[in-house]
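See structure below.
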Amino acid sequence: MPLLEIKGLTQRFGGLQAVSHFNVAIEEGSLIGLIGPNGAGKTTIFNLTSGFYKPTEGVIRFNGADTRSLKPHQITAMGMARTFQNIRLWPNMTVLDNIRVSQHYRLGYSIWDCLLATKRYLSGEKKINNLAEDLLEAMGLKDYAQEYPKNLPYGLQRRVEIARAMSIQPKLLLLDEPAAGLNSSDVDGLIKLIRWLQKEFKITIWMIEHQMKVVMSLCSSMKVIDFGRTIAEGTPEEIQSDPKVIKAYLGDENI
Amino acid sequence: MQKHSFKLLLFVFSLGLILAAHFQFIDQYVITVIMLMGINIILSSSLNVVNGYMGEFSCGHAGFMCVGAYVSSVLSVILFTKDRIFGAPLLAPDLSLFLFPGVILIGGLVAALAGLLVALPSFKTRGDYLAIITIAANYIIISGIENLDIIGGPRGFQGMKRVINAMEDRLDIPWMLLWVVLGTIFSVWVIRRFVASTYGKGIIAICQDEVAAEIMSVNTNKMKVAAFMLSSGLAGIAGGLFAHVYGYVNPQSFNILKSTECLVMVYLGGMASLSGSVLSAVIFTLLIEALRFVIPELNALAHHLRVIPESYEIGQVWKWVIIPLILILTMQFRPEGLMGARELGDFFPFLKRFYRNRTTE
């Protein structure tokens with residue numbers, strides 16, 4: 001059984017069909033790419049998968065369960081994390097707090113424990129604190145634990161956002177253009193990081209990415225969509241030479 | 001020892017205050033101002049939970065204060081004293097010594113439930129639209145009570161003084177001052193616990209990026225309910241204390257003007273700064289009281305210098321020109337308020353040694 005299975009996914013916004021009949025089955029441990037020109041509906045597919053939009057039609061099954069009636073925070077708690085195209089860290093909260101607050105689904109204490117400072121509260125906070133510190137240590141971000149994300153360079157902010165997504169110990173990680181806005185040395189670092197994450201934590205990754213370098217060196221297979229429709233799928237090499245993909249990106253030869 | 005010295009200091013200060021009031025080192029007027037200060041501290045710090053930490057704009061805070069004031073007033077009159085409408089007391093008046101905090105807390109709980117009136121719409125609405133809803137909630141509560149004739153309607157409700165007097169007959173200490181001091185410490189302590197915990201920081205995450213909060217497993221709807229209920233519940237406690245300090249409540253004393261006062265205190269002190277809220281509530285109360293003396297002096301001076309016509313007197317209404325002016329000047333020259341989003345300990349790091357922070361240990 002695939003970890004994530006999407007069948008016949010369709011999303012309409014009024015008269016606009018943003019996604020139509022999208023299918024995908026992502027096996028555990030794989031690294032799949034999703035590409036397409038601007039406005040093709042890639043981020044909409046991610047928003048549907050993570051529960052922000054309710055699909056007009058179609059089925060989304062994550063880890064065997066139908067997620068269509070669930071709220072985004074519930075889907076996250078099931079083990080699906082994501083990052084955003086434009087970084088969405090909490091800018092005025094320290095990096096450590098960014099990680100800690102993301103543990104909301106497994107705090108293990110209620111508001112009453114928190115107000116009365118019960119044992120459960122104290123041990124819960126301690127557990128979360130250790131967890132966050134260990135993760136920052138592993139991701140090489142220990143020195144920035146007390147920094148505010150708004151003061152960090154862009155490349156580091158990306159890293160912190162990926163660390164925050166990893167902090168919920170996901171089975172599936174959705175990366176929305178992780179290389180956007182990075183310079184080439186940062187991109188090399190990102191490729192290394194993603195490889196390492198997959199090996200170290202045995203996670204499944206589904207990513208939207210345009211930079212060929214990233215896609216070619218990471219993804220085992222990929223899908224191309226345009227105007228909400230799947231136009232091609234296969235290995236990166238096959239995609240690169242597919243005339244339909246070239247047409248979608250560069251336009252027709254005979255204009 | 002040093003870690004607890006803040007608690008010790010607070011205890012000594014409160015005890016000193018109550019003893020000073022008991023042995024009449026300070027007169028009734030000063031005591032009333034101090035009680036008002038405590039109530040204002042509760043109001044501004046509790047409103048800061050929603051407006052500062054969660055970043056919503058609630059301007060109906062006085063509505064919840066009103067609910068708390070009426071519920072606890074009616075309850076204490078029914079339970080502890082003989083009343084024209086409600087008849088003989090249900091319990092022995094002496095019991096009020098022990099049950100009074102419970103009465104105030106019940107007022108707070110009902111006010112917290114009234115907080116749902118704005119918490120539920122906040123799932124789908126935010127910003128300016130939610131602000132309108134909070135004003136509407138304020139009006140709904142006031143109009144509702146004005147039309148309840150059994151508790152006095154627009155004429156107001158009284159009888160709480162008899163309860164307090166009964167307490168003082170039993171044991172002669174300044175009871176109301178004691179309750180206000182306890183209520184203030186309790187409220188600030190609850191808010192501090194809440195916003196310092198990882199659980200409570202969920203509302204700060206909502207303030208900074210709600211979409212990211214939801215995707216990072218924060219149950220945003222639940223957190224909004226928690227924040228609104230906490231905020232309005234504490235406002236209800238402030239209202240209960242307010243009603244018993246004056247011994248009389250009137251729906252119109254909880255109108256939009258009172259809500260605005262709460263807002264002024266929050267913005268003067270700084271959003272998301274608990275010590276800022278406390279500080280600004282103290283300053284604000286002192287300012288209002290000081291103007292009571294300054295305005296007649298100003299009037300006399302102006303007449304003496306003949307800068308205003310003989311027939312015109314500068315009255316107390318000018319208070320409501322001067323205070324908004326202070327707000328305008330604050331927003332112009334220090335838009336983040338007195339403290340910004342920081343606490344006293346961030347400005348004076350040596351203070352941090354004097355209290356224990358459970359979360360960073």
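By convention in this document, the chains of the structure tokens carry letters A, B, ... by their order, each chain's residues are numbered from 1, and ligands are numbered from 1 in the order they are shown.
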Which residues of chain B come within 10 Å of chain A, and for each one, what is the closest pair of atoms and their distance in Å to one decimal, counting only C-alpha atoms, sorted by chain and residue number, as a tab-separated table?
```
residue	atom	partner	partner_atom	distance
B:Trp189	CA	A:Leu115	CA	8.7
B:Val190	CA	A:Leu115	CA	6.1
B:Ile191	CA	A:Leu115	CA	8.5
B:Arg192	CA	A:Leu115	CA	8.9
B:Arg193	CA	A:Leu115	CA	5.7
B:Phe194	CA	A:Leu115	CA	6.2
B:Val195	CA	A:Cys114	CA	9.7
B:Ala196	CA	A:Cys114	CA	9.3
B:Ser197	CA	A:Cys114	CA	6.8
B:Thr198	CA	A:Val101	CA	5.7
B:Tyr199	CA	A:His104	CA	6.7
B:Gly200	CA	A:Ile111	CA	8.2
B:Lys201	CA	A:Val101	CA	6.5
B:Gly202	CA	A:Val101	CA	6.1
B:Ile203	CA	A:Val101	CA	9.7
B:Ile204	CA	A:Met93	CA	8.3
B:Ala205	CA	A:Trp90	CA	6.2
B:Ile206	CA	A:Trp90	CA	8.9
B:Cys207	CA	A:Trp90	CA	8.8
B:Gln208	CA	A:Trp90	CA	5.5
B:Asp209	CA	A:Trp90	CA	6.2
B:Glu210	CA	A:Trp90	CA	9.3
B:Val211	CA	A:Arg88	CA	8.3
B:Ala212	CA	A:Arg88	CA	6.1
B:Ala213	CA	A:Ser102	CA	7.6
B:Glu214	CA	A:His73	CA	5.3
B:Ile215	CA	A:His73	CA	5.4
B:Met216	CA	A:Ser102	CA	5.0
B:Ser217	CA	A:His73	CA	4.0
B:Val218	CA	A:His104	CA	5.4
B:Asn219	CA	A:His73	CA	6.0
B:Thr220	CA	A:His73	CA	8.3
B:Met223	CA	A:Ile111	CA	9.9
B:Ala226	CA	A:Ile111	CA	8.3
B:Ala341	CA	A:Asn92	CA	9.7
B:Arg358	CA	A:Leu122	CA	8.0
B:Thr359	CA	A:Glu125	CA	7.1
B:Thr360	CA	A:Asn129	CA	9.0
B:Glu361	CA	A:Lys126	CA	8.7
```
Write to file, as an mmCIF file, in the first residue's frame, the residues of the selection just made, with C-alpha atoms.
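Written output follows (result05.cif):
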```cif
data_model
loop_
_atom_site.group_PDB
_atom_site.id
_atom_site.type_symbol
_atom_site.label_atom_id
_atom_site.label_comp_id
_atom_site.auth_asym_id
_atom_site.auth_seq_id
_atom_site.Cartn_x
_atom_site.Cartn_y
_atom_site.Cartn_z
ATOM 1 C CA TRP B 189 0.188 34.845 37.600
ATOM 2 C CA VAL B 190 -2.302 32.893 35.447
ATOM 3 C CA ILE B 191 -1.443 34.937 32.344
ATOM 4 C CA ARG B 192 2.264 34.568 32.956
ATOM 5 C CA ARG B 193 1.946 30.811 33.289
ATOM 6 C CA PHE B 194 -0.119 30.649 30.138
ATOM 7 C CA VAL B 195 2.075 32.717 27.825
ATOM 8 C CA ALA B 196 5.318 31.214 29.118
ATOM 9 C CA SER B 197 4.249 27.644 28.319
ATOM 10 C CA THR B 198 4.700 25.957 24.965
ATOM 11 C CA TYR B 199 0.941 25.460 24.959
ATOM 12 C CA GLY B 200 0.266 29.187 25.366
ATOM 13 C CA LYS B 201 2.918 30.139 22.849
ATOM 14 C CA GLY B 202 0.548 28.634 20.295
ATOM 15 C CA ILE B 203 -1.335 31.958 20.365
ATOM 16 C CA ILE B 204 1.877 33.871 19.656
ATOM 17 C CA ALA B 205 2.362 31.571 16.663
ATOM 18 C CA ILE B 206 -1.186 32.402 15.524
ATOM 19 C CA CYS B 207 -0.315 36.086 15.780
ATOM 20 C CA GLN B 208 2.816 35.763 13.677
ATOM 21 C CA ASP B 209 1.535 33.343 11.036
ATOM 22 C CA GLU B 210 -1.762 31.573 11.435
ATOM 23 C CA VAL B 211 -1.332 29.322 8.386
ATOM 24 C CA ALA B 212 2.042 28.115 9.622
ATOM 25 C CA ALA B 213 0.564 27.553 13.094
ATOM 26 C CA GLU B 214 -2.203 25.328 11.728
ATOM 27 C CA ILE B 215 0.206 23.339 9.526
ATOM 28 C CA MET B 216 2.644 22.855 12.401
ATOM 29 C CA SER B 217 -0.031 21.015 14.398
ATOM 30 C CA VAL B 218 -1.337 23.921 16.494
ATOM 31 C CA ASN B 219 -5.097 23.502 16.823
ATOM 32 C CA THR B 220 -5.778 27.143 16.019
ATOM 33 C CA MET B 223 -6.207 28.018 20.978
ATOM 34 C CA ALA B 226 -8.657 29.219 25.091
ATOM 35 C CA ALA B 341 7.056 43.229 23.114
ATOM 36 C CA ARG B 358 10.089 27.329 35.276
ATOM 37 C CA THR B 359 10.232 26.895 31.545
ATOM 38 C CA THR B 360 13.873 27.787 31.048
ATOM 39 C CA GLU B 361 15.148 25.682 33.891
#
```
Can you tell me, as an mmCIF file with N, CA and C atoms, in the first residue's frame, what residues are no more than 10 Å from Leu193 in chain A when counting only C-alpha atoms, ignoring any on the same chain fewer than 5 positions away?
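The resulting result_29.cif:
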```cif
data_model
loop_
_atom_site.group_PDB
_atom_site.id
_atom_site.type_symbol
_atom_site.label_atom_id
_atom_site.label_comp_id
_atom_site.auth_asym_id
_atom_site.auth_seq_id
_atom_site.Cartn_x
_atom_site.Cartn_y
_atom_site.Cartn_z
ATOM 1 N N MET A 139 20.701 19.004 13.162
ATOM 2 C CA MET A 139 20.584 19.748 11.910
ATOM 3 C C MET A 139 21.664 20.832 11.801
ATOM 4 N N ARG A 159 16.745 26.286 6.075
ATOM 5 C CA ARG A 159 17.192 25.155 6.862
ATOM 6 C C ARG A 159 16.371 25.031 8.139
ATOM 7 N N ILE A 162 12.963 23.672 7.309
ATOM 8 C CA ILE A 162 13.002 22.214 7.112
ATOM 9 C C ILE A 162 13.164 21.517 8.462
ATOM 10 N N VAL A 187 22.285 25.830 -2.685
ATOM 11 C CA VAL A 187 21.564 24.737 -3.338
ATOM 12 C C VAL A 187 22.313 23.425 -3.142
ATOM 13 N N ASP A 188 23.649 23.462 -3.281
ATOM 14 C CA ASP A 188 24.437 22.250 -3.037
ATOM 15 C C ASP A 188 24.220 21.742 -1.614
ATOM 16 N N GLN A 198 16.777 11.941 4.193
ATOM 17 C CA GLN A 198 16.100 10.734 3.739
ATOM 18 C C GLN A 198 16.797 9.482 4.258
ATOM 19 N N LYS A 199 18.120 9.523 4.275
ATOM 20 C CA LYS A 199 18.881 8.361 4.730
ATOM 21 C C LYS A 199 18.772 8.201 6.241
#
```
* Which of range 25-168 of chain A DSSP labels alpha helix (DSSP H), written as a ChimeraX atom specification -> /A:42-49,72-77,95-101,111-116,119-138,154-166
Using C-alpha atoms, can you write the selected residues to a file as an mmCIF file, in the first residue's frame?
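Final file, result.cif:
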```cif
data_model
loop_
_atom_site.group_PDB
_atom_site.id
_atom_site.type_symbol
_atom_site.label_atom_id
_atom_site.label_comp_id
_atom_site.auth_asym_id
_atom_site.auth_seq_id
_atom_site.Cartn_x
_atom_site.Cartn_y
_atom_site.Cartn_z
ATOM 1 C CA LYS A 42 1.345 22.512 -7.949
ATOM 2 C CA THR A 43 0.911 24.406 -4.710
ATOM 3 C CA THR A 44 -2.839 23.830 -4.898
ATOM 4 C CA ILE A 45 -2.145 20.086 -4.904
ATOM 5 C CA PHE A 46 0.035 20.511 -1.818
ATOM 6 C CA ASN A 47 -2.636 22.630 -0.139
ATOM 7 C CA LEU A 48 -5.199 19.929 -0.864
ATOM 8 C CA THR A 49 -2.906 17.208 0.427
ATOM 9 C CA PRO A 72 -4.597 20.527 8.645
ATOM 10 C CA HIS A 73 -3.323 20.182 12.210
ATOM 11 C CA GLN A 74 -4.811 16.698 12.456
ATOM 12 C CA ILE A 75 -3.176 15.635 9.192
ATOM 13 C CA THR A 76 0.129 17.007 10.461
ATOM 14 C CA ALA A 77 -0.271 15.001 13.640
ATOM 15 C CA VAL A 95 14.425 29.269 16.497
ATOM 16 C CA LEU A 96 14.127 27.022 19.535
ATOM 17 C CA ASP A 97 10.578 28.248 20.200
ATOM 18 C CA ASN A 98 9.714 27.730 16.536
ATOM 19 C CA ILE A 99 10.566 24.064 17.012
ATOM 20 C CA ARG A 100 8.945 23.791 20.429
ATOM 21 C CA VAL A 101 5.593 25.255 19.417
ATOM 22 C CA ILE A 111 -4.280 23.980 29.781
ATOM 23 C CA TRP A 112 -5.027 23.103 33.428
ATOM 24 C CA ASP A 113 -1.714 21.320 33.814
ATOM 25 C CA CYS A 114 -0.074 24.409 32.392
ATOM 26 C CA LEU A 115 -1.839 26.826 34.771
ATOM 27 C CA LEU A 116 -1.246 24.655 37.826
ATOM 28 C CA LYS A 119 4.232 17.252 37.132
ATOM 29 C CA ARG A 120 2.791 16.358 33.757
ATOM 30 C CA TYR A 121 3.344 19.937 32.561
ATOM 31 C CA LEU A 122 6.911 20.110 33.813
ATOM 32 C CA SER A 123 7.898 16.736 32.370
ATOM 33 C CA GLY A 124 6.124 17.540 29.091
ATOM 34 C CA GLU A 125 7.979 20.841 28.721
ATOM 35 C CA LYS A 126 11.256 19.159 29.561
ATOM 36 C CA LYS A 127 10.679 16.414 27.009
ATOM 37 C CA ILE A 128 9.852 18.942 24.286
ATOM 38 C CA ASN A 129 12.813 21.076 25.179
ATOM 39 C CA ASN A 130 15.223 18.153 24.934
ATOM 40 C CA LEU A 131 13.655 17.029 21.704
ATOM 41 C CA ALA A 132 14.007 20.466 20.141
ATOM 42 C CA GLU A 133 17.577 20.874 21.285
ATOM 43 C CA ASP A 134 18.557 17.438 19.982
ATOM 44 C CA LEU A 135 17.015 18.198 16.610
ATOM 45 C CA LEU A 136 18.780 21.555 16.300
ATOM 46 C CA GLU A 137 22.025 19.856 17.223
ATOM 47 C CA ALA A 138 21.497 17.182 14.549
ATOM 48 C CA TYR A 154 17.686 33.327 3.707
ATOM 49 C CA GLY A 155 19.552 30.057 3.287
ATOM 50 C CA LEU A 156 19.556 29.456 7.012
ATOM 51 C CA GLN A 157 15.882 30.319 7.261
ATOM 52 C CA ARG A 158 15.190 27.526 4.756
ATOM 53 C CA ARG A 159 17.192 25.155 6.862
ATOM 54 C CA VAL A 160 15.306 26.188 9.989
ATOM 55 C CA GLU A 161 11.993 25.709 8.198
ATOM 56 C CA ILE A 162 13.002 22.214 7.112
ATOM 57 C CA ALA A 163 14.156 21.524 10.680
ATOM 58 C CA ARG A 164 10.789 22.698 11.959
ATOM 59 C CA ALA A 165 8.996 20.379 9.546
ATOM 60 C CA MET A 166 11.283 17.513 10.596
#
```
* To do: Rounded to one decimal place, report the CA of Pro149 in chain A-CA of Leu190 in chain A distance in Å.
  => 17.9 Å
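Atom to atom, CA of Gly337 in chain B and CA of Gly60 in chain B stand 20.7 Å apart.
Ranking A:Gly58, A:Trp206, A:Tyr53, A:Pro37 by their shortest atom-to-atom distance to Lys247 in chain A, with only C-alpha atoms included, puts A:Pro37 first.
Of the residues listed (A:Leu31, A:Ile225, A:Leu182, A:Val215), A:Leu31 shows the shortest atom-to-atom separation from Lys202 in chain A; distances use only C-alpha atoms.
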* Asked: Can you tell me, as a ChimeraX atom specification, what residues are no more than 6 Å from Gln11 in chain A when counting only C-alpha atoms, ignoring any on the same chain fewer than 4 positions away?
  -> /A:18-19,55-56
Would you export the selected residues with N, CA and C atoms as a CSV table (one decimal), in the first residue's frame, please?
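Saved to selection.csv:
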```
chain,number,residue,atom,x,y,z
A,18,ALA,N,-8.5,24.4,-11.1
A,18,ALA,CA,-7.1,24.5,-10.8
A,18,ALA,C,-6.4,23.2,-10.9
A,19,VAL,N,-7.1,22.1,-10.5
A,19,VAL,CA,-6.5,20.8,-10.6
A,19,VAL,C,-7.5,19.9,-11.2
A,55,PRO,N,-11.1,19.1,-1.3
A,55,PRO,CA,-11.2,18.8,-2.7
A,55,PRO,C,-12.6,18.8,-3.2
A,56,THR,N,-12.8,19.3,-4.4
A,56,THR,CA,-14.1,19.2,-5.0
A,56,THR,C,-14.5,17.8,-5.3
```
* Which polymer residues have any atom within 7 Å of an atom of range 40-46 of chain B, counting only C-alpha atoms, with same-chain residues fewer than 5 positions away left out, as a PyMOL selection string? -> chain B and resi 184+187-188+231+234-235+238+262+265-266+274+277-278+281
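Going from CA of Lys224 in chain B over to CA of Ser122 in chain B, you cover 7.3 Å.
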* Near range 98-100 of chain B, counting only C-alpha atoms, which residues have an atom at most 12 Å away, once you skip same-chain residues fewer than 2 positions from it, shown as a VMD selection string? -> chain B and resid 72 to 73 75 to 77 79 to 80 91 to 96 102 to 107 160 163 to 164 166 to 167 170 175 to 176 178 to 180 183 237 240 to 241 244
Print the selection's residues with C-alpha atoms to a file, as a compact mmCIF listing (two decimals), in the first residue's frame.
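Saved the output as part_20.txt:
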```txt
# COMPACT_ATOMS: atom_id res chain seq x y z
CA SER B 72 -20.99 37.95 41.03
CA SER B 73 -23.01 40.88 42.39
CA LEU B 75 -24.90 35.93 43.40
CA SER B 76 -23.41 37.56 46.47
CA VAL B 77 -26.61 39.51 47.16
CA LEU B 79 -26.46 34.26 48.93
CA PHE B 80 -25.33 36.56 51.69
CA LEU B 91 -26.64 31.17 53.32
CA ALA B 92 -25.41 32.60 56.59
CA PRO B 93 -23.86 36.02 55.89
CA ASP B 94 -20.75 34.93 57.83
CA LEU B 95 -19.97 32.36 55.18
CA SER B 96 -19.19 35.17 52.78
CA GLY B 102 -15.82 31.55 44.86
CA VAL B 103 -18.53 34.07 43.97
CA ILE B 104 -16.00 36.20 42.11
CA LEU B 105 -14.64 33.12 40.31
CA ILE B 106 -18.13 32.06 39.22
CA GLY B 107 -18.56 35.57 37.78
CA MET B 160 -23.05 44.46 47.51
CA VAL B 163 -22.14 41.94 51.96
CA ILE B 164 -18.81 43.69 52.43
CA ALA B 166 -21.14 42.09 56.98
CA MET B 167 -17.63 40.76 56.39
CA ARG B 170 -17.36 39.82 61.53
CA TRP B 175 -11.55 42.98 53.00
CA MET B 176 -12.03 44.50 49.57
CA LEU B 178 -7.37 42.08 50.29
CA TRP B 179 -9.56 40.53 47.60
CA VAL B 180 -8.39 43.00 44.96
CA GLY B 183 -7.30 38.88 42.45
CA ILE B 237 -13.05 38.68 37.72
CA GLY B 240 -16.73 41.31 40.03
CA LEU B 241 -14.12 43.10 42.10
CA HIS B 244 -17.90 45.09 45.08
```
* To do: Compile the contact shell of Ser311 in chain B as a PyMOL selection string: residues with an atom at most 12 Å away, counting only C-alpha atoms, same-chain residues fewer than 4 positions apart removed.
  => chain B and resi 299+302-303+306-307
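Shortest atom-to-atom contact with Ser220 in chain A among A:Gln17, A:Asn86, A:Glu27, A:Met1: A:Glu27, counting only C-alpha atoms.
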